[in-house]
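Student: Please find one structure pasted underneath; my questions will follow.
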Amino acid sequence: MSLRISQLPLGALQTNCYIVGDSESRDAVIIDPAADAEVILEKVTEHDYHVHEILITHAHFDHVIASKPVKDALNVPLRIHENEVTQLREMAQRARLFGIQVPDEAATPDGFLEHGDKLQLGLLRFEVRFTPGHSPGHITFVMPEYKVAFVGDCIFNNGIGRTDLPGADTATLKKSIVEQILTLGDDFMLCPGHGPTTTVSREKSHSIDLAHLIQFG
Ligand SMILES: [Zn+2]
Ligand SMILES: [Zn+2]
């Protein structure tokens with residue numbers, strides 16, 4: 001087992017799609033097929049991956065624009081938290097509010113994920129943590145053996161997720177970060193939905209938002 005993480009910033013909002021694969025067994029999963037299906041599929045071909053599933057941190061439109069074409073091309077299941085289904089279905093309308101043209105439809109989910117789920121996808125293992133606040137059904141995918149977490153828009157390199165969109169709640173986001181992200185361990189690498197990766201310890205010491213959180217959370 002040799003973990004390889006490809007970070008692809010895609011679309012108008014440069015949303016990170018992650019392709020997580022084992023370069024030996026070729027097992028892989030796609031987290032947040034953000035946009036540009038052809039770019040995602042090219043990467044899958046380049047690494048000769050066998051993709052097991054598409055996993056979604058949350059269904060803000062910029063994270064799922066390519067969900068349908070990628071799912072259709074690979075013919076694999078897609079899973080998400082149940083609280084995100086409405087946003088997933090309304091992807092196109094919501095994107096239009098931002099003046100961004102996207103396909104009419106997102107993929108339909110094949111199953112739902114919830115806190116505590118353990119996923120075994122080929123040799124790849126993930127634990128699901130429920131991290132709402134930025135979005136009502138936001139989840140985080142943790143790979144404990146590799147000390148890596150895919151945190152969506154919960155927390156970023158030097159900041160935390162916005163809470164001014166429908167269904168968001170600042171107190172809930174703070175609780176998620178304090179209880180589910182900071183408890184992972186200082187040496188965990190965090191792969192966010194936008195911008196460069198970071199670590200738990202770096203965010204504890206550098207993020208003004210987080211300093212505020214720790215003080216008042
Ligand atoms: Zn978001
Ligand atoms: Zn986002």
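Identifiers in this document derive from the order of the structure tokens: chains are assigned A, B, ..., residues are numbered from 1 separately in each chain, and ligands are numbered from 1 in order of occurrence.
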Step by step, measure atom-to-atom distances between ligand 1 and each residue using only C-alpha atoms and all ligand atoms, keep those at most 10 Å, then write them as a list in words.
Tutor: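 The residues near ligand 1 are Thr15, Thr57, His58, Ala59, His60, Phe61, Asp62, His63, His134, Ser135, His138, Gly152, Asp153, Cys154, Gly161, Arg162, Thr163, Leu165, Ala168, Gly193 and His194 of chain A.
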Student: Quick one: residues within 9 Å of A:Asp48, only C-alpha atoms, excluding same-chain residues fewer than 4 positions away - as a list in words?
Tutor: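 What passes the distance filter is Ser23, Arg26, Lys43 and Val44 of chain A.
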Student: Using N, CA and C atoms, can you write the selected residues to a file as an mmCIF file, in the first residue's frame?
Tutor:
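Resulting contents of part-v6.cif:
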```cif
data_model
loop_
_atom_site.group_PDB
_atom_site.id
_atom_site.type_symbol
_atom_site.label_atom_id
_atom_site.label_comp_id
_atom_site.auth_asym_id
_atom_site.auth_seq_id
_atom_site.Cartn_x
_atom_site.Cartn_y
_atom_site.Cartn_z
ATOM 1 N N SER A 23 -0.975 3.440 -5.095
ATOM 2 C CA SER A 23 -0.234 3.276 -6.355
ATOM 3 C C SER A 23 0.167 1.822 -6.605
ATOM 4 N N ARG A 26 -3.843 0.085 -7.067
ATOM 5 C CA ARG A 26 -4.619 0.935 -7.988
ATOM 6 C C ARG A 26 -6.033 1.221 -7.481
ATOM 7 N N LYS A 43 -6.927 11.998 -15.048
ATOM 8 C CA LYS A 43 -6.053 11.649 -13.916
ATOM 9 C C LYS A 43 -6.263 10.187 -13.527
ATOM 10 N N VAL A 44 -7.511 9.751 -13.559
ATOM 11 C CA VAL A 44 -7.819 8.350 -13.241
ATOM 12 C C VAL A 44 -7.127 7.425 -14.258
#
```
Student: Check the smallest atom-to-atom distance from each of A:His47, A:Arg202, A:Lys118, A:Lys71 to A:Ile31 using only C-alpha atoms, then report the winner.
Tutor: A:Lys71
Student: If we count only C-alpha atoms and set the cut-off at 7 Å, which residues sit around A:Glu53, ignoring sequence neighbours fewer than 2 positions away in its own chain? Please answer as JSON, numbers by chain.
Tutor: {"A": [29, 30, 51, 55, 76, 77, 78]}
Student: With N, CA and C atoms retained, could you export that selection as an mmCIF file, in the first residue's frame?
Tutor:
```cif
data_model
loop_
_atom_site.group_PDB
_atom_site.id
_atom_site.type_symbol
_atom_site.label_atom_id
_atom_site.label_comp_id
_atom_site.auth_asym_id
_atom_site.auth_seq_id
_atom_site.Cartn_x
_atom_site.Cartn_y
_atom_site.Cartn_z
ATOM 1 N N VAL A 29 -10.471 6.366 -4.764
ATOM 2 C CA VAL A 29 -11.771 7.008 -4.608
ATOM 3 C C VAL A 29 -11.626 8.463 -5.043
ATOM 4 N N ILE A 30 -12.747 9.035 -5.432
ATOM 5 C CA ILE A 30 -12.779 10.445 -5.816
ATOM 6 C C ILE A 30 -13.587 11.180 -4.760
ATOM 7 N N VAL A 51 -11.407 2.962 -9.643
ATOM 8 C CA VAL A 51 -12.172 3.812 -8.718
ATOM 9 C C VAL A 51 -13.320 3.003 -8.126
ATOM 10 N N LEU A 55 -17.122 10.041 -3.190
ATOM 11 C CA LEU A 55 -17.570 10.495 -1.875
ATOM 12 C C LEU A 55 -17.697 12.012 -1.900
ATOM 13 N N VAL A 76 -19.738 4.014 -10.965
ATOM 14 C CA VAL A 76 -19.461 3.689 -9.560
ATOM 15 C C VAL A 76 -20.492 4.379 -8.668
ATOM 16 N N PRO A 77 -20.704 3.846 -7.457
ATOM 17 C CA PRO A 77 -21.656 4.497 -6.559
ATOM 18 C C PRO A 77 -21.146 5.824 -5.993
ATOM 19 N N LEU A 78 -22.095 6.664 -5.623
ATOM 20 C CA LEU A 78 -21.780 7.959 -5.017
ATOM 21 C C LEU A 78 -22.504 8.029 -3.682
#
```
Student: Of the candidates A:Val148, A:Ile5, A:Ile155, A:Ala28, which shows the shortest atom-to-atom distance to ligand 2, using only C-alpha atoms and all ligand atoms?
Tutor: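 Closest residue, counting only C-alpha atoms and all ligand atoms: A:Ile155.
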Student: In terms of the shortest atom-to-atom distance over only C-alpha atoms and all ligand atoms, which of A:Glu179, A:Glu38, A:Asp32, A:Glu90 is closest to ligand 2?
Tutor: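 When distances to ligand 2 are compared using only C-alpha atoms and all ligand atoms, the smallest one comes from A:Asp32.
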Student: Between atom CA of A:Leu124 and atom CA of A:Ser25, what is the distance, to one decimal in Å?
Tutor: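 Separating atom CA of A:Leu124 from atom CA of A:Ser25 is a distance of 9.7 Å.
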Student: Write out as a PDB file with N, CA and C atoms, in the first residue's frame each polymer residue whose atoms come within 10 Å of A:Asn83, counting only C-alpha atoms; drop sequence neighbours fewer than 3 positions from it.
Tutor:
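Below you can see part_19.pdb, which holds the result:
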```pdb
ATOM      1  N   HIS A  58     -19.835  17.699   0.981  1.00  0.00           N
ATOM      2  CA  HIS A  58     -21.094  18.442   1.074  1.00  0.00           C
ATOM      3  C   HIS A  58     -21.480  18.874  -0.337  1.00  0.00           C
ATOM      4  N   ALA A  59     -22.762  19.244  -0.503  1.00  0.00           N
ATOM      5  CA  ALA A  59     -23.276  19.417  -1.872  1.00  0.00           C
ATOM      6  C   ALA A  59     -23.396  20.875  -2.306  1.00  0.00           C
ATOM      7  N   ILE A  80     -23.113  10.282   0.149  1.00  0.00           N
ATOM      8  CA  ILE A  80     -23.177  11.636   0.705  1.00  0.00           C
ATOM      9  C   ILE A  80     -24.005  11.543   1.983  1.00  0.00           C
ATOM     10  N   THR A  86     -31.059  17.728  -0.757  1.00  0.00           N
ATOM     11  CA  THR A  86     -31.796  18.832  -1.395  1.00  0.00           C
ATOM     12  C   THR A  86     -30.833  19.730  -2.165  1.00  0.00           C
ATOM     13  N   GLN A  87     -29.730  20.064  -1.542  1.00  0.00           N
ATOM     14  CA  GLN A  87     -28.742  20.923  -2.222  1.00  0.00           C
ATOM     15  C   GLN A  87     -28.188  20.234  -3.464  1.00  0.00           C
ATOM     16  N   LEU A  88     -28.002  18.933  -3.361  1.00  0.00           N
ATOM     17  CA  LEU A  88     -27.475  18.185  -4.510  1.00  0.00           C
ATOM     18  C   LEU A  88     -28.462  18.260  -5.670  1.00  0.00           C
ATOM     19  N   PHE A 112     -26.255   6.654   1.702  1.00  0.00           N
ATOM     20  CA  PHE A 112     -25.970   7.768   2.600  1.00  0.00           C
ATOM     21  C   PHE A 112     -24.921   7.375   3.628  1.00  0.00           C
ATOM     22  N   LEU A 113     -24.167   8.373   4.034  1.00  0.00           N
ATOM     23  CA  LEU A 113     -23.109   8.159   5.025  1.00  0.00           C
ATOM     24  C   LEU A 113     -23.449   8.925   6.285  1.00  0.00           C
ATOM     25  N   GLU A 114     -23.030   8.364   7.431  1.00  0.00           N
ATOM     26  CA  GLU A 114     -23.233   9.095   8.676  1.00  0.00           C
ATOM     27  C   GLU A 114     -22.051   8.910   9.610  1.00  0.00           C
ATOM     28  N   PRO A 132     -21.107  19.239  10.582  1.00  0.00           N
ATOM     29  CA  PRO A 132     -22.007  20.267  10.037  1.00  0.00           C
ATOM     30  C   PRO A 132     -21.615  21.662  10.514  1.00  0.00           C
ATOM     31  N   SER A 135     -22.371  23.590   6.222  1.00  0.00           N
ATOM     32  CA  SER A 135     -23.489  23.020   5.468  1.00  0.00           C
ATOM     33  C   SER A 135     -24.122  21.960   6.386  1.00  0.00           C
ATOM     34  N   PRO A 136     -25.444  21.737   6.266  1.00  0.00           N
ATOM     35  CA  PRO A 136     -26.111  20.900   7.285  1.00  0.00           C
ATOM     36  C   PRO A 136     -25.710  19.431   7.305  1.00  0.00           C
ATOM     37  N   GLY A 137     -25.225  18.912   6.183  1.00  0.00           N
ATOM     38  CA  GLY A 137     -24.847  17.499   6.173  1.00  0.00           C
ATOM     39  C   GLY A 137     -23.377  17.311   5.817  1.00  0.00           C
ATOM     40  N   HIS A 138     -22.567  18.260   6.201  1.00  0.00           N
ATOM     41  CA  HIS A 138     -21.138  18.209   5.858  1.00  0.00           C
ATOM     42  C   HIS A 138     -20.463  17.063   6.605  1.00  0.00           C
ATOM     43  N   GLY A 167     -28.678  27.276   5.560  1.00  0.00           N
ATOM     44  CA  GLY A 167     -28.411  25.993   6.219  1.00  0.00           C
ATOM     45  C   GLY A 167     -27.141  25.995   7.042  1.00  0.00           C
TER      46      GLY A 167
END
```
Student: Could you pull out the strand (DSSP E or B) residues of stretch 64-188 of chain A from DSSP and send them as an NGL selection string?
Tutor: :A and (78-80 or 111-112 or 118-121 or 124-130 or 139-143 or 148-152 or 155-156 or 159-160)
Student: Taking into account only C-alpha atoms and all ligand atoms, which residue in the set A:Leu3, A:Leu13, A:Gln93, A:Leu119 is nearest to ligand 2?
Tutor: A:Leu13
Student: Between A:Ile65, A:Ala73, A:Leu210, A:Leu123, single out the one closest to ligand 2, counting only C-alpha atoms and all ligand atoms.
Tutor: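 Of the candidates, the smallest distance to ligand 2 is held by A:Ile65.
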Student: Measuring atom to atom with only C-alpha atoms and all ligand atoms, identify which of A:Leu173, A:Asp27, A:Ile40, A:Val151 is nearest to ligand 2.
Tutor: A:Val151
Student: What's the separation between atom CA of A:Leu182 and atom CA of A:Met1, in Å to one decimal place?
Tutor: 26.9 Å
Student: Quick check, in Å to one decimal: how far apart do atom CA of A:Ala35 and atom CA of A:Ala66 lie?
Tutor: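 These two atoms are separated by 4.5 Å.
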Student: Name the residues of stretch 5-191 of chain A that come out as helix (DSSP H, G or I) in a backbone DSSP run; write them as a PyMOL selection string.
Tutor: chain A and resi 37-46+61-63+67-74+82-89+91-97+144-146+170-184
Student: Can you write just those residues out, C-alpha atoms, as an mmCIF file, in the first residue's frame?
Tutor:
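Heads up, here's the output in out15.cif:
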```cif
data_model
loop_
_atom_site.group_PDB
_atom_site.id
_atom_site.type_symbol
_atom_site.label_atom_id
_atom_site.label_comp_id
_atom_site.auth_asym_id
_atom_site.auth_seq_id
_atom_site.Cartn_x
_atom_site.Cartn_y
_atom_site.Cartn_z
ATOM 1 C CA ALA A 37 -15.038 15.794 -15.590
ATOM 2 C CA GLU A 38 -12.465 15.281 -18.355
ATOM 3 C CA VAL A 39 -9.622 16.479 -16.103
ATOM 4 C CA ILE A 40 -10.714 14.104 -13.324
ATOM 5 C CA LEU A 41 -11.103 11.179 -15.703
ATOM 6 C CA GLU A 42 -7.722 11.872 -17.317
ATOM 7 C CA LYS A 43 -6.053 11.649 -13.916
ATOM 8 C CA VAL A 44 -7.819 8.350 -13.241
ATOM 9 C CA THR A 45 -6.559 7.006 -16.569
ATOM 10 C CA GLU A 46 -3.061 8.398 -16.051
ATOM 11 C CA PHE A 61 -22.713 23.305 -6.148
ATOM 12 C CA ASP A 62 -19.015 23.941 -6.669
ATOM 13 C CA HIS A 63 -18.181 20.532 -5.139
ATOM 14 C CA SER A 67 -20.645 14.450 -10.236
ATOM 15 C CA LYS A 68 -22.950 13.129 -12.943
ATOM 16 C CA PRO A 69 -20.505 12.838 -15.870
ATOM 17 C CA VAL A 70 -17.809 11.304 -13.638
ATOM 18 C CA LYS A 71 -20.242 8.859 -12.092
ATOM 19 C CA ASP A 72 -21.689 7.929 -15.484
ATOM 20 C CA ALA A 73 -18.237 7.439 -17.021
ATOM 21 C CA LEU A 74 -16.905 5.248 -14.210
ATOM 22 C CA GLU A 82 -28.653 12.573 3.774
ATOM 23 C CA ASN A 83 -28.928 16.229 4.881
ATOM 24 C CA GLU A 84 -27.248 17.298 1.626
ATOM 25 C CA VAL A 85 -29.694 15.708 -0.780
ATOM 26 C CA THR A 86 -31.796 18.832 -1.395
ATOM 27 C CA GLN A 87 -28.742 20.923 -2.222
ATOM 28 C CA LEU A 88 -27.475 18.185 -4.510
ATOM 29 C CA ARG A 89 -30.782 18.095 -6.374
ATOM 30 C CA MET A 91 -27.280 22.254 -7.840
ATOM 31 C CA ALA A 92 -28.128 24.083 -11.063
ATOM 32 C CA GLN A 93 -30.541 26.596 -9.486
ATOM 33 C CA ARG A 94 -28.104 27.396 -6.718
ATOM 34 C CA ALA A 95 -25.190 27.821 -9.129
ATOM 35 C CA ARG A 96 -27.289 30.254 -11.166
ATOM 36 C CA LEU A 97 -27.637 32.475 -8.090
ATOM 37 C CA PRO A 144 -6.359 7.288 10.482
ATOM 38 C CA GLU A 145 -3.427 5.125 9.329
ATOM 39 C CA TYR A 146 -2.067 7.946 7.183
ATOM 40 C CA THR A 170 -21.543 29.413 13.070
ATOM 41 C CA ALA A 171 -21.895 27.806 16.508
ATOM 42 C CA THR A 172 -22.402 24.407 14.894
ATOM 43 C CA LEU A 173 -19.318 24.845 12.711
ATOM 44 C CA LYS A 174 -17.204 25.819 15.715
ATOM 45 C CA LYS A 175 -18.408 22.762 17.604
ATOM 46 C CA SER A 176 -17.565 20.512 14.621
ATOM 47 C CA ILE A 177 -14.051 21.938 14.328
ATOM 48 C CA VAL A 178 -13.299 21.772 18.039
ATOM 49 C CA GLU A 179 -14.768 18.317 18.582
ATOM 50 C CA GLN A 180 -14.123 16.545 15.272
ATOM 51 C CA ILE A 181 -11.131 18.193 13.579
ATOM 52 C CA LEU A 182 -8.857 19.458 16.347
ATOM 53 C CA THR A 183 -9.230 16.161 18.189
ATOM 54 C CA LEU A 184 -7.666 14.248 15.273
#
```
